[in-house]
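One file, run-v4.txt, is given below (compact mmCIF, N, CA and C atoms).
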# COMPACT_ATOMS: atom_id res chain seq x y z
N MET M 21 0.82 -1.19 0.00
CA MET M 21 0.00 0.00 0.00
C MET M 21 0.87 1.25 0.00
N ARG M 22 1.92 1.24 0.80
CA ARG M 22 2.80 2.41 0.85
C ARG M 22 3.48 2.65 -0.50
N GLU M 23 3.90 1.55 -1.13
CA GLU M 23 4.55 1.67 -2.43
C GLU M 23 3.58 2.26 -3.46
N LEU M 24 2.35 1.77 -3.48
CA LEU M 24 1.36 2.27 -4.42
C LEU M 24 1.05 3.73 -4.15
N ALA M 25 0.90 4.11 -2.88
CA ALA M 25 0.63 5.51 -2.54
C ALA M 25 1.78 6.40 -2.98
N GLY M 26 3.01 5.95 -2.78
CA GLY M 26 4.17 6.73 -3.21
C GLY M 26 4.23 6.89 -4.71
N LEU M 27 3.95 5.80 -5.43
CA LEU M 27 3.96 5.87 -6.89
C LEU M 27 2.86 6.79 -7.40
N ALA M 28 1.68 6.70 -6.79
CA ALA M 28 0.55 7.52 -7.24
C ALA M 28 0.81 9.01 -7.06
N ASP M 29 1.69 9.37 -6.15
CA ASP M 29 2.04 10.77 -5.94
C ASP M 29 3.14 11.27 -6.87
N THR M 30 3.71 10.38 -7.66
CA THR M 30 4.78 10.74 -8.58
C THR M 30 4.22 11.52 -9.76
N PRO M 31 4.82 12.66 -10.12
CA PRO M 31 4.32 13.41 -11.28
C PRO M 31 4.33 12.55 -12.55
N ASP M 32 3.29 12.68 -13.33
CA ASP M 32 3.16 11.98 -14.62
C ASP M 32 3.12 10.46 -14.50
N TRP M 33 2.82 9.94 -13.32
CA TRP M 33 2.76 8.49 -13.16
C TRP M 33 1.50 7.91 -13.80
N VAL M 34 0.39 8.66 -13.77
CA VAL M 34 -0.84 8.17 -14.40
C VAL M 34 -0.64 8.20 -15.91
N ALA M 35 -0.81 7.04 -16.52
CA ALA M 35 -0.57 6.89 -17.96
C ALA M 35 -1.63 7.65 -18.77
N GLU M 36 -1.20 8.15 -19.91
CA GLU M 36 -2.13 8.83 -20.82
C GLU M 36 -2.97 7.79 -21.56
N ASP M 37 -3.99 8.28 -22.24
CA ASP M 37 -4.88 7.44 -23.05
C ASP M 37 -5.51 6.29 -22.27
N PRO M 38 -6.20 6.59 -21.15
CA PRO M 38 -6.79 5.48 -20.39
C PRO M 38 -7.81 4.69 -21.19
N GLU M 39 -8.51 5.35 -22.11
CA GLU M 39 -9.47 4.60 -22.94
C GLU M 39 -8.75 3.55 -23.77
N LYS M 40 -7.61 3.90 -24.30
CA LYS M 40 -6.84 2.98 -25.13
C LYS M 40 -6.27 1.83 -24.30
N HIS M 41 -5.79 2.14 -23.10
CA HIS M 41 -5.11 1.13 -22.29
C HIS M 41 -6.06 0.30 -21.42
N LEU M 42 -7.13 0.88 -20.94
CA LEU M 42 -8.01 0.19 -20.00
C LEU M 42 -9.31 -0.32 -20.61
N LEU M 43 -9.89 0.46 -21.49
CA LEU M 43 -11.24 0.16 -21.96
C LEU M 43 -11.38 -1.17 -22.70
N PRO M 44 -10.45 -1.58 -23.54
CA PRO M 44 -10.64 -2.88 -24.21
C PRO M 44 -10.78 -4.03 -23.23
N GLY M 45 -9.94 -4.08 -22.22
CA GLY M 45 -10.04 -5.15 -21.23
C GLY M 45 -11.29 -5.05 -20.39
N LEU M 46 -11.69 -3.82 -20.06
CA LEU M 46 -12.92 -3.63 -19.30
C LEU M 46 -14.13 -4.06 -20.11
N ARG M 47 -14.19 -3.63 -21.37
CA ARG M 47 -15.33 -3.97 -22.24
C ARG M 47 -15.49 -5.49 -22.36
N GLU M 48 -14.38 -6.17 -22.53
CA GLU M 48 -14.40 -7.62 -22.66
C GLU M 48 -15.05 -8.27 -21.44
N ARG M 49 -14.71 -7.80 -20.27
CA ARG M 49 -15.24 -8.35 -19.03
C ARG M 49 -16.68 -7.88 -18.76
N ILE M 50 -17.00 -6.65 -19.16
CA ILE M 50 -18.37 -6.14 -18.98
C ILE M 50 -19.35 -7.01 -19.76
N GLU M 51 -18.95 -7.40 -20.97
CA GLU M 51 -19.83 -8.20 -21.83
C GLU M 51 -20.29 -9.49 -21.17
N ILE M 52 -19.47 -10.07 -20.30
CA ILE M 52 -19.85 -11.34 -19.66
C ILE M 52 -20.31 -11.14 -18.22
N SER M 53 -20.39 -9.90 -17.75
CA SER M 53 -20.70 -9.63 -16.35
C SER M 53 -22.20 -9.59 -16.04
N GLY M 54 -23.03 -9.38 -17.06
CA GLY M 54 -24.44 -9.17 -16.81
C GLY M 54 -24.79 -7.71 -16.58
N LEU M 55 -23.79 -6.84 -16.55
CA LEU M 55 -24.02 -5.40 -16.43
C LEU M 55 -23.92 -4.77 -17.81
N SER M 56 -24.48 -3.57 -17.94
CA SER M 56 -24.45 -2.85 -19.22
C SER M 56 -23.59 -1.61 -19.11
N LEU M 57 -22.86 -1.33 -20.17
CA LEU M 57 -22.03 -0.12 -20.24
C LEU M 57 -22.90 1.04 -20.67
N ASP M 58 -23.03 2.05 -19.80
CA ASP M 58 -23.85 3.22 -20.10
C ASP M 58 -23.04 4.43 -20.55
N GLY M 59 -21.78 4.50 -20.17
CA GLY M 59 -20.98 5.65 -20.56
C GLY M 59 -19.55 5.54 -20.07
N VAL M 60 -18.68 6.27 -20.78
CA VAL M 60 -17.25 6.34 -20.45
C VAL M 60 -16.83 7.78 -20.60
N ASP M 61 -16.04 8.26 -19.65
CA ASP M 61 -15.59 9.64 -19.67
C ASP M 61 -14.18 9.71 -19.11
N VAL M 62 -13.31 10.46 -19.76
CA VAL M 62 -11.96 10.68 -19.24
C VAL M 62 -11.93 12.06 -18.57
N GLN M 63 -11.56 12.08 -17.31
CA GLN M 63 -11.47 13.32 -16.55
C GLN M 63 -10.20 14.09 -16.90
N PRO M 64 -10.15 15.39 -16.64
CA PRO M 64 -8.94 16.17 -16.94
C PRO M 64 -7.67 15.63 -16.26
N ASN M 65 -7.82 14.96 -15.11
CA ASN M 65 -6.65 14.42 -14.43
C ASN M 65 -6.23 13.05 -14.97
N GLY M 66 -6.92 12.56 -16.00
CA GLY M 66 -6.57 11.28 -16.62
C GLY M 66 -7.33 10.10 -16.07
N SER M 67 -8.21 10.32 -15.12
CA SER M 67 -8.99 9.24 -14.54
C SER M 67 -10.10 8.81 -15.52
N LEU M 68 -10.27 7.52 -15.64
CA LEU M 68 -11.33 6.98 -16.50
C LEU M 68 -12.56 6.70 -15.64
N HIS M 69 -13.68 7.28 -16.02
CA HIS M 69 -14.95 7.04 -15.31
C HIS M 69 -15.85 6.19 -16.19
N VAL M 70 -16.31 5.10 -15.63
CA VAL M 70 -17.14 4.13 -16.35
C VAL M 70 -18.48 4.01 -15.62
N SER M 71 -19.56 4.21 -16.36
CA SER M 71 -20.91 4.07 -15.80
C SER M 71 -21.52 2.77 -16.29
N LEU M 72 -21.97 1.96 -15.34
CA LEU M 72 -22.58 0.68 -15.64
C LEU M 72 -23.97 0.64 -15.02
N SER M 73 -24.81 -0.27 -15.51
CA SER M 73 -26.11 -0.45 -14.90
C SER M 73 -26.51 -1.91 -14.97
N SER M 74 -27.45 -2.24 -14.09
CA SER M 74 -28.02 -3.57 -14.06
C SER M 74 -29.49 -3.45 -14.43
N GLY M 75 -29.98 -4.39 -15.21
CA GLY M 75 -31.38 -4.38 -15.58
C GLY M 75 -32.28 -4.94 -14.49
N THR M 76 -31.68 -5.62 -13.52
CA THR M 76 -32.44 -6.19 -12.41
C THR M 76 -31.81 -5.76 -11.10
N GLN M 77 -32.55 -5.87 -10.04
CA GLN M 77 -32.05 -5.52 -8.71
C GLN M 77 -31.05 -6.60 -8.27
N LEU M 78 -29.84 -6.17 -7.93
CA LEU M 78 -28.79 -7.09 -7.47
C LEU M 78 -28.40 -6.73 -6.04
N SER M 79 -27.88 -7.70 -5.33
CA SER M 79 -27.37 -7.42 -3.99
C SER M 79 -26.02 -6.71 -4.12
N LYS M 80 -25.59 -6.08 -3.04
CA LYS M 80 -24.27 -5.44 -3.04
C LYS M 80 -23.19 -6.45 -3.34
N ARG M 81 -23.32 -7.64 -2.81
CA ARG M 81 -22.33 -8.69 -3.05
C ARG M 81 -22.27 -9.06 -4.54
N GLU M 82 -23.43 -9.18 -5.18
CA GLU M 82 -23.46 -9.53 -6.60
C GLU M 82 -22.81 -8.44 -7.44
N ILE M 83 -23.09 -7.19 -7.11
CA ILE M 83 -22.46 -6.08 -7.84
C ILE M 83 -20.96 -6.09 -7.60
N ARG M 84 -20.55 -6.26 -6.35
CA ARG M 84 -19.12 -6.30 -6.02
C ARG M 84 -18.42 -7.40 -6.81
N GLN M 85 -19.01 -8.58 -6.85
CA GLN M 85 -18.40 -9.70 -7.57
C GLN M 85 -18.26 -9.37 -9.06
N SER M 86 -19.30 -8.77 -9.64
CA SER M 86 -19.24 -8.40 -11.06
C SER M 86 -18.16 -7.36 -11.31
N VAL M 87 -18.10 -6.34 -10.47
CA VAL M 87 -17.11 -5.28 -10.68
C VAL M 87 -15.70 -5.80 -10.51
N TRP M 88 -15.45 -6.64 -9.52
CA TRP M 88 -14.09 -7.18 -9.35
C TRP M 88 -13.71 -8.05 -10.56
N SER M 89 -14.66 -8.75 -11.12
CA SER M 89 -14.38 -9.53 -12.33
C SER M 89 -14.04 -8.60 -13.49
N ILE M 90 -14.79 -7.51 -13.60
CA ILE M 90 -14.52 -6.53 -14.66
C ILE M 90 -13.14 -5.91 -14.48
N LEU M 91 -12.80 -5.57 -13.25
CA LEU M 91 -11.49 -4.96 -12.99
C LEU M 91 -10.34 -5.87 -13.40
N GLY M 92 -10.57 -7.17 -13.32
CA GLY M 92 -9.54 -8.12 -13.73
C GLY M 92 -9.10 -7.95 -15.18
N GLY M 93 -9.91 -7.30 -15.98
CA GLY M 93 -9.55 -7.06 -17.37
C GLY M 93 -8.65 -5.85 -17.58
N ALA M 94 -8.35 -5.10 -16.49
CA ALA M 94 -7.61 -3.86 -16.71
C ALA M 94 -6.54 -3.54 -15.65
N VAL M 95 -6.62 -4.11 -14.48
CA VAL M 95 -5.72 -3.69 -13.42
C VAL M 95 -4.29 -4.19 -13.62
N GLU M 96 -3.37 -3.48 -12.98
CA GLU M 96 -1.95 -3.83 -13.03
C GLU M 96 -1.61 -4.72 -11.83
N THR M 97 -0.34 -4.87 -11.53
CA THR M 97 0.09 -5.83 -10.49
C THR M 97 -0.18 -5.38 -9.07
N THR M 98 -0.42 -4.10 -8.83
CA THR M 98 -0.79 -3.63 -7.50
C THR M 98 -1.99 -2.71 -7.63
N THR M 99 -3.00 -2.95 -6.78
CA THR M 99 -4.27 -2.25 -6.95
C THR M 99 -4.92 -1.99 -5.60
N HIS M 100 -5.54 -0.83 -5.48
CA HIS M 100 -6.37 -0.50 -4.32
C HIS M 100 -7.75 -0.11 -4.82
N VAL M 101 -8.79 -0.66 -4.18
CA VAL M 101 -10.17 -0.37 -4.55
C VAL M 101 -10.90 0.12 -3.32
N HIS M 102 -11.59 1.24 -3.45
CA HIS M 102 -12.41 1.78 -2.36
C HIS M 102 -13.86 1.80 -2.83
N GLU M 103 -14.69 1.04 -2.15
CA GLU M 103 -16.11 0.94 -2.51
C GLU M 103 -16.92 1.89 -1.65
N LYS M 104 -17.85 2.60 -2.30
CA LYS M 104 -18.77 3.50 -1.59
C LYS M 104 -20.18 3.25 -2.10
N ASN M 105 -21.16 3.51 -1.23
CA ASN M 105 -22.56 3.36 -1.58
C ASN M 105 -23.27 4.67 -1.25
N ALA M 106 -23.81 5.33 -2.24
CA ALA M 106 -24.52 6.59 -2.01
C ALA M 106 -25.44 6.87 -3.19
N ASN M 107 -26.55 7.51 -2.89
CA ASN M 107 -27.50 7.95 -3.92
C ASN M 107 -27.94 6.82 -4.84
N GLY M 108 -28.09 5.62 -4.29
CA GLY M 108 -28.57 4.50 -5.09
C GLY M 108 -27.54 3.90 -6.03
N LYS M 109 -26.28 4.30 -5.89
CA LYS M 109 -25.22 3.78 -6.76
C LYS M 109 -24.11 3.18 -5.91
N MET M 110 -23.48 2.17 -6.45
CA MET M 110 -22.24 1.67 -5.85
C MET M 110 -21.10 2.22 -6.69
N THR M 111 -20.13 2.80 -6.02
CA THR M 111 -18.99 3.42 -6.69
C THR M 111 -17.71 2.74 -6.23
N PHE M 112 -16.85 2.44 -7.19
CA PHE M 112 -15.57 1.80 -6.93
C PHE M 112 -14.47 2.72 -7.46
N ASP M 113 -13.72 3.33 -6.55
CA ASP M 113 -12.58 4.15 -6.93
C ASP M 113 -11.34 3.28 -6.89
N VAL M 114 -10.59 3.29 -7.99
CA VAL M 114 -9.50 2.34 -8.17
C VAL M 114 -8.21 3.08 -8.51
N VAL M 115 -7.14 2.69 -7.82
CA VAL M 115 -5.79 3.11 -8.20
C VAL M 115 -5.03 1.82 -8.47
N THR M 116 -4.46 1.71 -9.64
CA THR M 116 -3.75 0.50 -10.01
C THR M 116 -2.45 0.89 -10.72
N GLY M 117 -1.44 0.08 -10.55
CA GLY M 117 -0.18 0.44 -11.19
C GLY M 117 0.82 -0.68 -11.26
N LEU M 118 1.87 -0.36 -11.95
CA LEU M 118 2.98 -1.27 -12.15
C LEU M 118 4.22 -0.67 -11.49
N PRO M 119 4.63 -1.21 -10.34
CA PRO M 119 5.85 -0.71 -9.70
C PRO M 119 7.08 -1.00 -10.56
N PRO M 120 8.16 -0.28 -10.33
CA PRO M 120 9.37 -0.45 -11.16
C PRO M 120 9.89 -1.89 -11.20
N SER M 121 9.71 -2.65 -10.15
CA SER M 121 10.29 -3.99 -10.08
C SER M 121 9.37 -5.09 -10.60
N ASP M 122 8.19 -4.75 -11.13
CA ASP M 122 7.21 -5.77 -11.48
C ASP M 122 7.09 -6.09 -12.97
N GLY M 123 8.08 -5.79 -13.75
CA GLY M 123 7.96 -6.19 -15.15
C GLY M 123 8.82 -5.36 -16.06
N PRO M 124 8.73 -5.67 -17.34
CA PRO M 124 9.59 -5.02 -18.32
C PRO M 124 9.14 -3.61 -18.72
N PHE M 125 7.91 -3.23 -18.36
CA PHE M 125 7.40 -1.92 -18.76
C PHE M 125 7.79 -0.85 -17.76
N THR M 126 7.84 0.38 -18.21
CA THR M 126 8.11 1.52 -17.33
C THR M 126 7.01 1.61 -16.30
N THR M 127 7.40 1.96 -15.08
CA THR M 127 6.40 2.11 -14.03
C THR M 127 5.36 3.15 -14.45
N HIS M 128 4.11 2.82 -14.20
CA HIS M 128 3.00 3.71 -14.57
C HIS M 128 1.77 3.27 -13.81
N GLY M 129 0.73 4.06 -13.90
CA GLY M 129 -0.51 3.69 -13.21
C GLY M 129 -1.73 4.26 -13.88
N HIS M 130 -2.86 3.92 -13.31
CA HIS M 130 -4.14 4.37 -13.81
C HIS M 130 -5.06 4.62 -12.62
N THR M 131 -5.96 5.54 -12.79
CA THR M 131 -7.03 5.72 -11.82
C THR M 131 -8.35 5.59 -12.58
N LEU M 132 -9.29 4.96 -11.94
CA LEU M 132 -10.58 4.84 -12.58
C LEU M 132 -11.68 4.78 -11.53
N ARG M 133 -12.84 5.13 -11.95
CA ARG M 133 -14.05 5.06 -11.13
C ARG M 133 -15.09 4.28 -11.91
N ILE M 134 -15.65 3.29 -11.25
CA ILE M 134 -16.74 2.53 -11.83
C ILE M 134 -17.97 2.79 -10.97
N GLU M 135 -19.04 3.29 -11.60
CA GLU M 135 -20.30 3.52 -10.90
C GLU M 135 -21.35 2.57 -11.46
N VAL M 136 -22.07 1.91 -10.55
CA VAL M 136 -23.09 0.95 -10.96
C VAL M 136 -24.44 1.42 -10.42
N SER M 137 -25.38 1.59 -11.31
CA SER M 137 -26.74 1.94 -10.90
C SER M 137 -27.66 0.77 -11.27
N GLN M 138 -28.80 0.74 -10.60
CA GLN M 138 -29.76 -0.33 -10.87
C GLN M 138 -31.16 0.17 -10.57
N PRO M 139 -32.16 -0.56 -11.06
CA PRO M 139 -33.53 -0.11 -10.84
C PRO M 139 -33.87 -0.07 -9.35
N ALA M 140 -34.72 0.84 -8.99
CA ALA M 140 -35.14 0.96 -7.57
C ALA M 140 -36.08 -0.13 -7.17

Would you mind writing the file out in structure tokens?
Amino acid sequence: MRELAGLADTPDWVAEDPEKHLLPGLRERIEISGLSLDGVDVQPNGSLHVSLSSGTQLSKREIRQSVWSILGGAVETTTHVHEKNANGKMTFDVVTGLPPSDGPFTTHGHTLRIEVSQPA
């Protein structure tokens, strides 16, 4: 956790083009999750925001399981996820990255938010 926090504070650590780097893997997993992709937005700070919805009422556990499966299509070797529940949505704020010692690629990271809404 300390290593990830330190890396996340490094200037220019968040990789550019999050749609290019994250979205293909996320889309692949969303297709089999039972959730629907409602929208994608890149924030000025480089964070990728993904809006999902369920056509049926799901438990928090079912949504959590689906989202963690979806995240498996995009996260790096170290990841922190913070789940919040407010205003009828479950929100997952994610920081994920590749530390310098974890592979052949330059250290980098991504931030993303996944919001899941469902019928009342």

Would you list the residues near (-12.2, 0.6, -10.4) (no more than 7 Å away, in the coordinates of the file, using only C-alpha atoms) as a PyMOL selection string?
chain M and resi 91+101+112-114+132-134

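Distance-wise, atom N of M:Ser137 and atom N of M:Gly59 end up 10.0 Å apart.
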
Please, which residues of chain M, numbered as in this document, come out strand (DSSP E or B) from DSSP, as a PyMOL selection string?
chain M and resi 34+56-62+68-73+98-106+109-118+128-137

Can you list, as a ChimeraX atom specification, every protein, DNA or RNA residue that comes within 8 Å of M:Gly75 when you count only C-alpha atoms, leaving out same-chain residues fewer than 5 positions away?
/M:55-56,138-139

How about saving the chosen residues, N, CA and C atoms kept, as a PDB file, keeping the file's coordinate frame?
ATOM      1  N   LEU M  55     -23.790  -6.840 -16.550  1.00  0.00           N
ATOM      2  CA  LEU M  55     -24.020  -5.400 -16.430  1.00  0.00           C
ATOM      3  C   LEU M  55     -23.920  -4.770 -17.810  1.00  0.00           C
ATOM      4  N   SER M  56     -24.480  -3.570 -17.940  1.00  0.00           N
ATOM      5  CA  SER M  56     -24.450  -2.850 -19.220  1.00  0.00           C
ATOM      6  C   SER M  56     -23.590  -1.610 -19.110  1.00  0.00           C
ATOM      7  N   GLN M 138     -28.800   0.740 -10.600  1.00  0.00           N
ATOM      8  CA  GLN M 138     -29.760  -0.330 -10.870  1.00  0.00           C
ATOM      9  C   GLN M 138     -31.160   0.170 -10.570  1.00  0.00           C
ATOM     10  N   PRO M 139     -32.160  -0.560 -11.060  1.00  0.00           N
ATOM     11  CA  PRO M 139     -33.530  -0.110 -10.840  1.00  0.00           C
ATOM     12  C   PRO M 139     -33.870  -0.070  -9.350  1.00  0.00           C
TER      13      PRO M 139
END

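Candidate residues M:Glu39, M:Asp122, M:Glu103, M:Asp61 were compared for distance to M:Arg81, and the nearest is M:Glu103, using only C-alpha atoms.
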
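Distances to M:Leu42 were evaluated for M:Thr97, M:Thr30, M:Ser67, M:Gln77 using only C-alpha atoms, and the minimum falls at M:Ser67.
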
Report, in Å to a single decimal, how far apart atom CA of M:Gly26 and atom N of M:Val70 are.
24.0 Å
